[in-house]
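Heads up, entry.cif below (mmCIF, C-alpha atoms):
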```
data_work
loop_
_atom_site.label_atom_id
_atom_site.label_comp_id
_atom_site.auth_asym_id
_atom_site.auth_seq_id
_atom_site.Cartn_x
_atom_site.Cartn_y
_atom_site.Cartn_z
CA MET G 1 0.00 0.00 0.00
CA LEU G 2 1.58 3.25 -1.10
CA PRO G 3 0.58 6.93 -0.93
CA ASN G 4 1.00 9.79 -3.45
CA PHE G 5 -1.51 8.59 -6.02
CA ASN G 6 -0.51 10.85 -8.92
CA SER G 7 3.16 9.76 -8.68
CA LEU G 8 2.09 6.11 -8.59
CA VAL G 9 -0.12 6.64 -11.64
CA LEU G 10 2.78 8.25 -13.51
CA CYS G 11 5.16 5.39 -12.73
CA TYR G 12 2.45 2.80 -13.32
CA ILE G 13 1.38 4.11 -16.70
CA TYR G 14 4.88 4.18 -18.09
CA THR G 15 6.45 1.05 -16.62
CA GLN G 16 3.44 -1.27 -16.71
CA VAL G 17 1.46 -0.51 -19.85
CA ILE G 18 4.14 0.29 -22.43
CA CYS G 19 3.87 -2.21 -25.29
CA SER G 20 4.77 -2.43 -28.96
CA CYS G 21 1.96 -0.06 -29.89
CA THR G 22 2.23 3.74 -29.93
CA GLU G 23 -1.32 4.30 -28.68
CA VAL G 24 -1.99 3.20 -25.13
CA LYS G 25 -5.54 3.05 -23.75
CA VAL G 26 -6.17 2.80 -20.02
CA GLY G 27 -9.54 1.89 -18.53
CA LEU G 28 -10.81 3.90 -15.55
CA LEU G 29 -13.41 2.31 -13.27
CA PHE G 30 -15.05 4.31 -10.50
CA ASN G 31 -18.29 4.52 -8.59
CA ARG G 32 -21.04 6.87 -9.69
CA PRO G 33 -20.78 10.51 -8.50
CA GLU G 34 -23.07 9.88 -5.51
CA SER G 35 -20.25 7.88 -3.87
CA VAL G 36 -17.10 9.09 -2.10
CA PHE G 37 -15.29 6.68 -4.43
CA ASP G 38 -16.34 8.48 -7.61
CA TYR G 39 -13.96 9.67 -10.32
CA THR G 40 -13.93 13.29 -9.10
CA HIS G 41 -11.66 12.24 -6.22
CA PHE G 42 -9.17 10.38 -8.42
CA GLU G 43 -9.36 11.83 -11.94
CA PRO G 44 -7.34 14.99 -11.08
CA ALA G 45 -4.35 12.85 -10.04
CA ILE G 46 -4.68 10.79 -13.21
CA ASN G 47 -4.78 13.92 -15.39
CA ILE G 48 -1.69 15.31 -13.64
CA ALA G 49 0.15 12.05 -14.33
CA LEU G 50 -0.91 11.97 -17.99
CA THR G 51 0.14 15.59 -18.48
CA GLU G 52 3.56 14.76 -17.05
CA VAL G 53 3.90 11.73 -19.33
CA ARG G 54 3.07 13.88 -22.37
CA LYS G 55 5.68 16.46 -21.34
CA ARG G 56 8.34 13.77 -21.02
CA VAL G 57 7.40 12.36 -24.41
CA GLU G 58 7.80 15.83 -25.97
CA VAL G 59 11.32 16.32 -24.59
CA GLY G 60 12.37 12.81 -25.55
CA SER G 61 12.61 11.35 -22.03
CA TYR G 62 9.93 8.78 -22.86
CA LEU G 63 9.20 6.78 -26.00
CA ASN G 64 6.94 8.43 -28.55
CA LEU G 65 3.45 7.29 -27.60
CA THR G 66 -0.08 8.56 -27.06
CA ILE G 67 -1.94 7.75 -23.85
CA SER G 68 -5.68 8.13 -23.37
CA TYR G 69 -8.27 6.72 -20.99
CA ILE G 70 -11.86 5.57 -21.12
CA LEU G 71 -14.01 6.13 -18.03
CA LYS G 72 -16.80 3.79 -16.94
CA GLU G 73 -18.88 3.91 -13.76
CA THR G 74 -20.11 1.09 -11.57
CA THR G 75 -22.73 1.68 -8.86
CA ALA G 76 -23.27 4.54 -6.43
CA ALA G 77 -22.83 2.40 -3.32
CA CYS G 78 -19.74 0.42 -2.34
CA GLU G 79 -21.60 -2.84 -1.77
CA SER G 80 -21.45 -6.45 -2.94
CA ILE G 81 -24.44 -5.78 -5.20
CA GLY G 82 -22.04 -3.98 -7.55
CA LEU G 83 -19.76 -6.98 -8.11
CA ASN G 84 -21.43 -8.06 -11.34
CA ILE G 85 -21.63 -4.48 -12.66
CA ALA G 86 -17.92 -3.88 -12.01
CA ALA G 87 -17.10 -7.15 -13.76
CA GLY G 88 -19.28 -6.22 -16.72
CA ARG G 89 -17.69 -2.77 -17.09
CA THR G 90 -14.23 -4.37 -16.90
CA VAL G 91 -15.09 -6.80 -19.70
CA GLU G 92 -16.49 -3.94 -21.82
CA LEU G 93 -13.28 -1.94 -21.45
CA TYR G 94 -11.16 -4.95 -22.38
CA LEU G 95 -13.20 -6.25 -25.33
CA GLN G 96 -14.72 -3.07 -26.74
CA ASN G 97 -12.02 -0.47 -25.99
CA ASP G 98 -8.85 -2.56 -26.13
CA VAL G 99 -7.42 -1.18 -22.89
CA VAL G 100 -4.08 -2.54 -21.71
CA ALA G 101 -4.43 -1.56 -18.03
CA PHE G 102 -7.01 -0.54 -15.43
CA ILE G 103 -7.05 2.26 -12.86
CA GLY G 104 -9.70 1.69 -10.19
CA VAL G 105 -11.91 0.26 -8.81
CA PRO G 106 -11.48 1.95 -5.41
CA CYS G 107 -14.37 0.10 -3.74
CA ASN G 108 -13.24 -3.13 -2.04
CA TYR G 109 -16.15 -5.20 -3.32
CA HIS G 110 -15.85 -4.04 -6.92
CA ALA G 111 -12.06 -4.29 -6.94
CA THR G 112 -12.18 -8.05 -6.40
CA SER G 113 -14.01 -8.75 -9.66
CA THR G 114 -11.86 -6.35 -11.70
CA ALA G 115 -8.64 -7.71 -10.18
CA ASP G 116 -9.71 -11.30 -10.86
CA LEU G 117 -10.33 -10.60 -14.53
CA ALA G 118 -7.18 -8.53 -14.94
CA SER G 119 -5.11 -11.29 -13.37
CA TYR G 120 -6.55 -13.78 -15.88
CA TRP G 121 -5.73 -11.42 -18.77
CA ASN G 122 -2.35 -10.58 -17.20
CA LEU G 123 -3.14 -6.85 -17.28
CA PRO G 124 -2.10 -4.48 -14.47
CA VAL G 125 -4.61 -2.85 -12.11
CA LEU G 126 -3.96 0.18 -9.91
CA THR G 127 -6.56 1.10 -7.29
CA GLY G 128 -6.71 4.29 -5.27
CA ALA G 129 -8.08 2.58 -2.17
CA GLY G 130 -8.98 -1.08 -1.83
CA VAL G 131 -7.77 -1.52 1.74
CA SER G 132 -9.60 -4.79 2.42
CA SER G 133 -7.51 -7.71 3.70
CA ALA G 134 -9.22 -9.89 1.07
CA LEU G 135 -7.19 -8.10 -1.61
CA GLU G 136 -3.86 -9.05 -0.01
CA ASP G 137 -3.81 -12.45 -1.73
CA LYS G 138 -1.05 -11.97 -4.34
CA MET G 139 -1.46 -15.53 -5.62
CA ARG G 140 -4.99 -14.61 -6.70
CA TYR G 141 -4.60 -10.90 -7.49
CA ARG G 142 -1.21 -11.15 -9.24
CA THR G 143 -1.42 -7.90 -11.21
CA LEU G 144 -3.05 -5.69 -8.56
CA THR G 145 -1.28 -2.69 -7.00
CA ARG G 146 -3.03 -0.82 -4.20
CA THR G 147 -2.47 2.72 -2.95
CA ALA G 148 -3.92 4.55 0.02
CA TYR G 149 -3.83 7.81 1.92
CA LYS G 150 -0.98 8.94 4.19
CA SER G 151 -2.36 8.13 7.62
CA VAL G 152 0.45 10.01 9.41
CA VAL G 153 -0.58 13.24 7.68
CA ILE G 154 -4.23 12.67 8.66
CA ALA G 155 -3.16 11.96 12.25
CA LYS G 156 -1.16 15.20 12.44
CA PHE G 157 -4.08 17.16 11.04
CA LEU G 158 -6.49 15.66 13.57
CA SER G 159 -4.02 16.36 16.35
CA ARG G 160 -3.98 20.05 15.40
CA VAL G 161 -7.78 20.12 15.33
CA PHE G 162 -7.82 18.61 18.82
CA GLY G 163 -5.34 21.20 20.01
CA PHE G 164 -7.39 24.06 18.57
CA PHE G 165 -10.56 22.94 20.37
CA LYS G 166 -8.66 21.72 23.45
CA TRP G 167 -10.06 18.19 23.11
CA ARG G 168 -8.17 15.51 25.03
CA ARG G 169 -10.14 12.25 24.70
CA CYS G 170 -11.41 10.21 21.74
CA ALA G 171 -12.57 6.76 20.70
CA ILE G 172 -11.36 5.10 17.48
CA ILE G 173 -13.90 2.59 16.17
CA GLY G 174 -13.28 0.29 13.21
CA GLU G 175 -13.93 -3.10 11.65
CA LYS G 176 -11.78 -6.12 12.51
CA ALA G 177 -11.60 -7.14 8.84
CA LEU G 178 -9.93 -3.91 7.73
CA SER G 179 -6.34 -4.98 8.33
CA TYR G 180 -4.86 -1.86 6.74
CA HIS G 181 -6.67 0.36 9.22
CA ASN G 182 -5.73 -1.84 12.15
CA GLN G 183 -2.08 -2.32 11.17
CA VAL G 184 -1.25 1.12 9.76
CA THR G 185 -3.86 3.81 10.38
CA VAL G 186 -4.62 3.09 14.03
CA PRO G 187 -0.95 2.88 15.14
CA ASP G 188 -0.22 6.16 13.34
CA LEU G 189 -3.17 7.83 15.06
CA LEU G 190 -2.18 6.48 18.47
CA ASN G 191 1.48 7.48 18.14
CA THR G 192 0.61 11.01 17.03
CA PHE G 193 -2.10 11.44 19.65
CA HIS G 194 0.23 10.19 22.37
CA GLY G 195 2.78 12.84 21.42
CA SER G 196 0.06 15.49 21.73
CA ALA G 197 -1.19 14.22 25.11
CA ILE G 198 -4.48 12.98 23.60
CA ILE G 199 -5.99 9.88 25.20
CA ALA G 200 -7.43 7.47 22.61
CA ASP G 201 -9.24 4.14 23.10
CA VAL G 202 -9.58 1.67 20.23
CA PHE G 203 -12.62 -0.55 19.63
CA ASN G 204 -12.97 -3.07 16.79
CA PHE G 205 -16.17 -4.76 15.71
CA ASP G 206 -17.22 -7.36 13.18
CA GLU G 207 -19.03 -5.87 10.21
CA CYS G 208 -22.28 -7.53 11.26
CA ASP G 209 -22.23 -6.13 14.82
CA LYS G 210 -24.17 -3.00 13.91
CA THR G 211 -26.19 -2.90 17.13
CA LYS G 212 -23.15 -3.31 19.38
CA LEU G 213 -21.33 -0.66 17.36
CA LEU G 214 -24.11 1.89 17.78
CA VAL G 215 -24.40 1.18 21.51
CA LYS G 216 -20.65 1.66 21.94
CA ILE G 217 -20.67 4.93 20.01
CA LEU G 218 -23.47 6.30 22.18
CA LYS G 219 -21.70 5.29 25.40
CA GLU G 220 -18.40 6.84 24.35
CA LYS G 221 -20.16 10.01 23.24
CA GLN G 222 -21.87 10.28 26.61
CA ARG G 223 -18.43 10.17 28.21
CA GLY G 224 -17.47 13.28 26.27
CA LYS G 225 -15.22 11.60 23.72
CA MET G 226 -14.82 12.48 20.06
CA ILE G 227 -15.58 9.51 17.79
CA PHE G 228 -13.53 8.40 14.76
CA ALA G 229 -15.32 5.72 12.74
CA MET G 230 -13.20 3.78 10.24
CA CYS G 231 -15.81 1.47 8.80
CA ILE G 232 -16.17 1.00 5.05
#
```

Rewrite the structure of this file - the entire thing - as structure tokens.
Amino acid sequence: MLPNFNSLVLCYIYTQVICSCTEVKVGLLFNRPESVFDYTHFEPAINIALTEVRKRVEVGSYLNLTISYILKETTAACESIGLNIAAGRTVELYLQNDVVAFIGVPCNYHATSTADLASYWNLPVLTGAGVSSALEDKMRYRTLTRTAYKSVVIAKFLSRVFGFFKWRRCAIIGEKALSYHNQVTVPDLLNTFHGSAIIADVFNFDECDKTKLLVKILKEKQRGKMIFAMCI
């Protein structure tokens, strides 16, 4: 899992998708605009990367090639119901548009179907999220590369917000299945909060424990704590 999405896209586009052709097509797969995983959150980084590639082609640093992308949307919600739609859009991009790589799908559920197909076709996939532990299987998802946010930067920002409002206690609530959050995000939050004298308690729940989760949130709120929910 790596940060700096536009730099990853730049490196990815050039090192992974270069082939004998001079025209390279990349397929973009994102949720519909109603979702936080829609293309408006990722397309700017992709455009920055493509602009940089074009500049390097012009000055002779890269091979002479033309890169373009085709955007397709899945569903608005990041739910298992979108698995078949994501798979269908992936097939359309491959068969109808002749793409040689995929960027997206950020939603965990949708990413599994796209990554499965791309692995079968031996085409690279780069996702701007996809933090589920299910996607860690490199034997199955051989061509998948995942990126994510810089949790240390988020932790420092939250620490400054706490300092501004003079908050000193919080509860961090997340899902047990989200290994990236538990192994990376939570430790970064705790280390940064500790350095700022902020007391933080961590609670993890199974995805199905909705009732227990709500009860815990209400109890912690009654104790005057700020709540950070990391459930996807």

Close residues, G:Thr192 itself excluded, 8 Å, only C-alpha atoms, min 4 positions apart in chain, as number ranges by chain: G: 152, 155-156, 159, 188, 196

Chain and number of each residue from the PyMOL selection byres ((chain G and resi 84) around 12), as a VMD selection string: chain G and resid 74 to 75 79 to 83 85 to 91 109 to 114 117

Given the file shown, determine the residues that the PyMOL selection byres ((chain G and resi 53) around 10) selects; report them as a PDB file with C-alpha atoms, in the coordinates of the input.
```pdb
ATOM      1  CA  LEU G  10       2.780   8.250 -13.510  1.00  0.00           C
ATOM      2  CA  CYS G  11       5.160   5.390 -12.730  1.00  0.00           C
ATOM      3  CA  ILE G  13       1.380   4.110 -16.700  1.00  0.00           C
ATOM      4  CA  TYR G  14       4.880   4.180 -18.090  1.00  0.00           C
ATOM      5  CA  ASN G  47      -4.780  13.920 -15.390  1.00  0.00           C
ATOM      6  CA  ILE G  48      -1.690  15.310 -13.640  1.00  0.00           C
ATOM      7  CA  ALA G  49       0.150  12.050 -14.330  1.00  0.00           C
ATOM      8  CA  LEU G  50      -0.910  11.970 -17.990  1.00  0.00           C
ATOM      9  CA  THR G  51       0.140  15.590 -18.480  1.00  0.00           C
ATOM     10  CA  GLU G  52       3.560  14.760 -17.050  1.00  0.00           C
ATOM     11  CA  ARG G  54       3.070  13.880 -22.370  1.00  0.00           C
ATOM     12  CA  LYS G  55       5.680  16.460 -21.340  1.00  0.00           C
ATOM     13  CA  ARG G  56       8.340  13.770 -21.020  1.00  0.00           C
ATOM     14  CA  VAL G  57       7.400  12.360 -24.410  1.00  0.00           C
ATOM     15  CA  GLU G  58       7.800  15.830 -25.970  1.00  0.00           C
ATOM     16  CA  SER G  61      12.610  11.350 -22.030  1.00  0.00           C
ATOM     17  CA  TYR G  62       9.930   8.780 -22.860  1.00  0.00           C
ATOM     18  CA  LEU G  63       9.200   6.780 -26.000  1.00  0.00           C
ATOM     19  CA  LEU G  65       3.450   7.290 -27.600  1.00  0.00           C
ATOM     20  CA  THR G  66      -0.080   8.560 -27.060  1.00  0.00           C
ATOM     21  CA  ILE G  67      -1.940   7.750 -23.850  1.00  0.00           C
TER      22      ILE G  67
END
```

Exercise: G:Phe203 partners within 7 Å, only C-alpha atoms, chain neighbours under 4 positions left out, as a ChimeraX atom specification: /G:172-174

Point-to-point distance in Å for atom CA of G:Glu23 and atom CA of G:Gly60: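 Value for the atom CA of G:Gly60-atom CA of G:Glu23 distance: 16.4 Å.
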
Given the PyMOL selection byres ((chain G and resi 134) around 12) and the file above, list the residues it selects as an mmCIF file with C-alpha atoms, keeping the file's coordinate frame.
```cif
data_model
loop_
_atom_site.group_PDB
_atom_site.id
_atom_site.type_symbol
_atom_site.label_atom_id
_atom_site.label_comp_id
_atom_site.auth_asym_id
_atom_site.auth_seq_id
_atom_site.Cartn_x
_atom_site.Cartn_y
_atom_site.Cartn_z
ATOM 1 C CA ASN G 108 -13.240 -3.130 -2.040
ATOM 2 C CA TYR G 109 -16.150 -5.200 -3.320
ATOM 3 C CA HIS G 110 -15.850 -4.040 -6.920
ATOM 4 C CA ALA G 111 -12.060 -4.290 -6.940
ATOM 5 C CA THR G 112 -12.180 -8.050 -6.400
ATOM 6 C CA SER G 113 -14.010 -8.750 -9.660
ATOM 7 C CA ALA G 115 -8.640 -7.710 -10.180
ATOM 8 C CA GLY G 130 -8.980 -1.080 -1.830
ATOM 9 C CA VAL G 131 -7.770 -1.520 1.740
ATOM 10 C CA SER G 132 -9.600 -4.790 2.420
ATOM 11 C CA SER G 133 -7.510 -7.710 3.700
ATOM 12 C CA LEU G 135 -7.190 -8.100 -1.610
ATOM 13 C CA GLU G 136 -3.860 -9.050 -0.010
ATOM 14 C CA ASP G 137 -3.810 -12.450 -1.730
ATOM 15 C CA LYS G 138 -1.050 -11.970 -4.340
ATOM 16 C CA MET G 139 -1.460 -15.530 -5.620
ATOM 17 C CA ARG G 140 -4.990 -14.610 -6.700
ATOM 18 C CA TYR G 141 -4.600 -10.900 -7.490
ATOM 19 C CA ALA G 177 -11.600 -7.140 8.840
ATOM 20 C CA LEU G 178 -9.930 -3.910 7.730
ATOM 21 C CA SER G 179 -6.340 -4.980 8.330
ATOM 22 C CA TYR G 180 -4.860 -1.860 6.740
#
```

Residues within 10 Å of G:Phe193, only C-alpha atoms, excluding chain neighbours under 4 positions, as a ChimeraX atom specification: /G:155-156,158-160,162,168-170,187-189,197-200

Selected residues written out with C-alpha atoms, as a PDB file, in the coordinates of the input:
```
ATOM      1  CA  ALA G 155      -3.160  11.960  12.250  1.00  0.00           C
ATOM      2  CA  LYS G 156      -1.160  15.200  12.440  1.00  0.00           C
ATOM      3  CA  LEU G 158      -6.490  15.660  13.570  1.00  0.00           C
ATOM      4  CA  SER G 159      -4.020  16.360  16.350  1.00  0.00           C
ATOM      5  CA  ARG G 160      -3.980  20.050  15.400  1.00  0.00           C
ATOM      6  CA  PHE G 162      -7.820  18.610  18.820  1.00  0.00           C
ATOM      7  CA  ARG G 168      -8.170  15.510  25.030  1.00  0.00           C
ATOM      8  CA  ARG G 169     -10.140  12.250  24.700  1.00  0.00           C
ATOM      9  CA  CYS G 170     -11.410  10.210  21.740  1.00  0.00           C
ATOM     10  CA  PRO G 187      -0.950   2.880  15.140  1.00  0.00           C
ATOM     11  CA  ASP G 188      -0.220   6.160  13.340  1.00  0.00           C
ATOM     12  CA  LEU G 189      -3.170   7.830  15.060  1.00  0.00           C
ATOM     13  CA  ALA G 197      -1.190  14.220  25.110  1.00  0.00           C
ATOM     14  CA  ILE G 198      -4.480  12.980  23.600  1.00  0.00           C
ATOM     15  CA  ILE G 199      -5.990   9.880  25.200  1.00  0.00           C
ATOM     16  CA  ALA G 200      -7.430   7.470  22.610  1.00  0.00           C
TER      17      ALA G 200
END
```

Among the residues G:Ile70, G:Leu218, G:Ala148, G:Ala118, the one that comes closest to G:Val26 [using all atoms listed in the file]: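 Looking at the shortest contact to G:Val26, the residue is G:Ile70.
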
Top pick for closest residue to G:Thr127, considering G:Arg146, G:Lys25, G:Arg223, G:Lys212 and counting all atoms listed in the file: G:Arg146

Which of G:Phe164, G:Phe102, G:Phe42, G:Tyr69 sits closest to G:Tyr149 [using all atoms listed in the file]: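 Selected residue with least distance to G:Tyr149: G:Phe42.
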
Sphere at (-18.3, 2.9, -8.1), radius 7 Å, counting all atoms listed in the file: residues as a VMD selection string: chain G and resid 30 to 32 35 37 to 38 73 to 78 105 107

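With all atoms listed in the file as the atoms that count, the minimum distance from G:Leu144 to the choices G:Gly163, G:Pro124, G:Gly27, G:Pro33 is reached by G:Pro124.
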
Two-atom distance - atom CA of G:Pro106, atom CA of G:Gly128 (Å): 5.3 Å

Computed interatomic separation between atom CA of G:Val24 and atom CA of G:Ser68 (Å):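 It comes out at 6.4 Å.
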